[in-house]
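Remarks on the structure that follows.
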Amino acid sequence: MPRHSTQTQEKERQQPPRGRQPGQAPRANPRSCEKDSVVGAEYLTRNDPDEVMIRFTEKPSQAVLGFLKDNEFRWSRKDHAWRRSIRFNTTGQDGDAGRRAYRKVVDILRIEKGIGPAQRRDDGLQ
């Protein structure tokens, strides 16, 4: 007679991972959401654990690093990116806070390089 843990493991293998329907391809983890090639910055999200990341092609200025630290981003040597957890609350997730921080960082970098702020479509984010 099989042990309980073996039965549980077999059940888990038959079920798709959390958030996916049977037959649905897995999402990239992390996946790129926005990229600004001019300043060399990229915004990524990760599902497990739930977090957002900002990655740079070169080391950013002290002003950008200070801004990231003030907005709860921490450096990850493993990912070579600045990461911030997405917290869940009664109003939903604060993933938009990570995207707003990324956009502010891009604007800071563009100003430092003498380029005007990025032109974005209005998608409801401030």
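Residues are named by chain letter and number: chains run A, B, ... in the order of the structure tokens, numbers start at 1 in each chain, and ligands are numbered from 1 in the order shown.
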
What's around Asp107 of chain A at 6 Å? Count only C-alpha atoms, leave out sequence neighbours fewer than 3 positions away in its own chain, and write the answer as a PDB file with C-alpha atoms, in the first residue's frame.
```pdb
ATOM      1  CA  LYS A 104      10.443  57.545 -12.678  1.00  0.00           C
ATOM      2  CA  ARG A 110      16.848  60.415 -19.567  1.00  0.00           C
ATOM      3  CA  PRO A 117      11.195  62.421 -20.718  1.00  0.00           C
TER       4      PRO A 117
END
```

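For the pair atom CA of Val106 of chain A and atom CA of Val39 of chain A, the separation is 7.0 Å.
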
### Task
Taking the chain letters and numbering used in this document, name the residues of segment 67-106 of chain A that DSSP puts in strand (DSSP E or B), as a list in words.
Arg74, Trp75, Ser76, Ala81, Trp82, Arg83, Arg84, Ser85, Phe88, Asn89, Gly92 and Gln93 of chain A

#### Entry: Closest of A:Glu112, A:Arg103, A:Val38, A:Ser85 to Pro60 of chain A - atom-to-atom distances counting only C-alpha atoms
A:Glu112

### Task
Could you jot down the atom CA of Arg99 of chain A to atom CA of Arg77 of chain A separation for me, Å, one decimal place?
21.1 Å

Polymer residues at most 8 Å from segment 67-70 of chain A, only C-alpha atoms, same-chain spacing of 5 or more positions, as a compact mmCIF listing (two decimals) with C-alpha atoms, in the first residue's frame:
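Contents of around_9.txt, freshly written:
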```txt
# COMPACT_ATOMS: atom_id res chain seq x y z
CA TRP A 82 16.88 45.57 -8.29
CA ALA A 101 9.08 53.54 -9.85
CA VAL A 105 13.89 55.90 -12.91
```

### Task
Take atom CA of Met53 of chain A and atom CA of Gly114 of chain A and report the distance between them in Å, one decimal.
25.1 Å
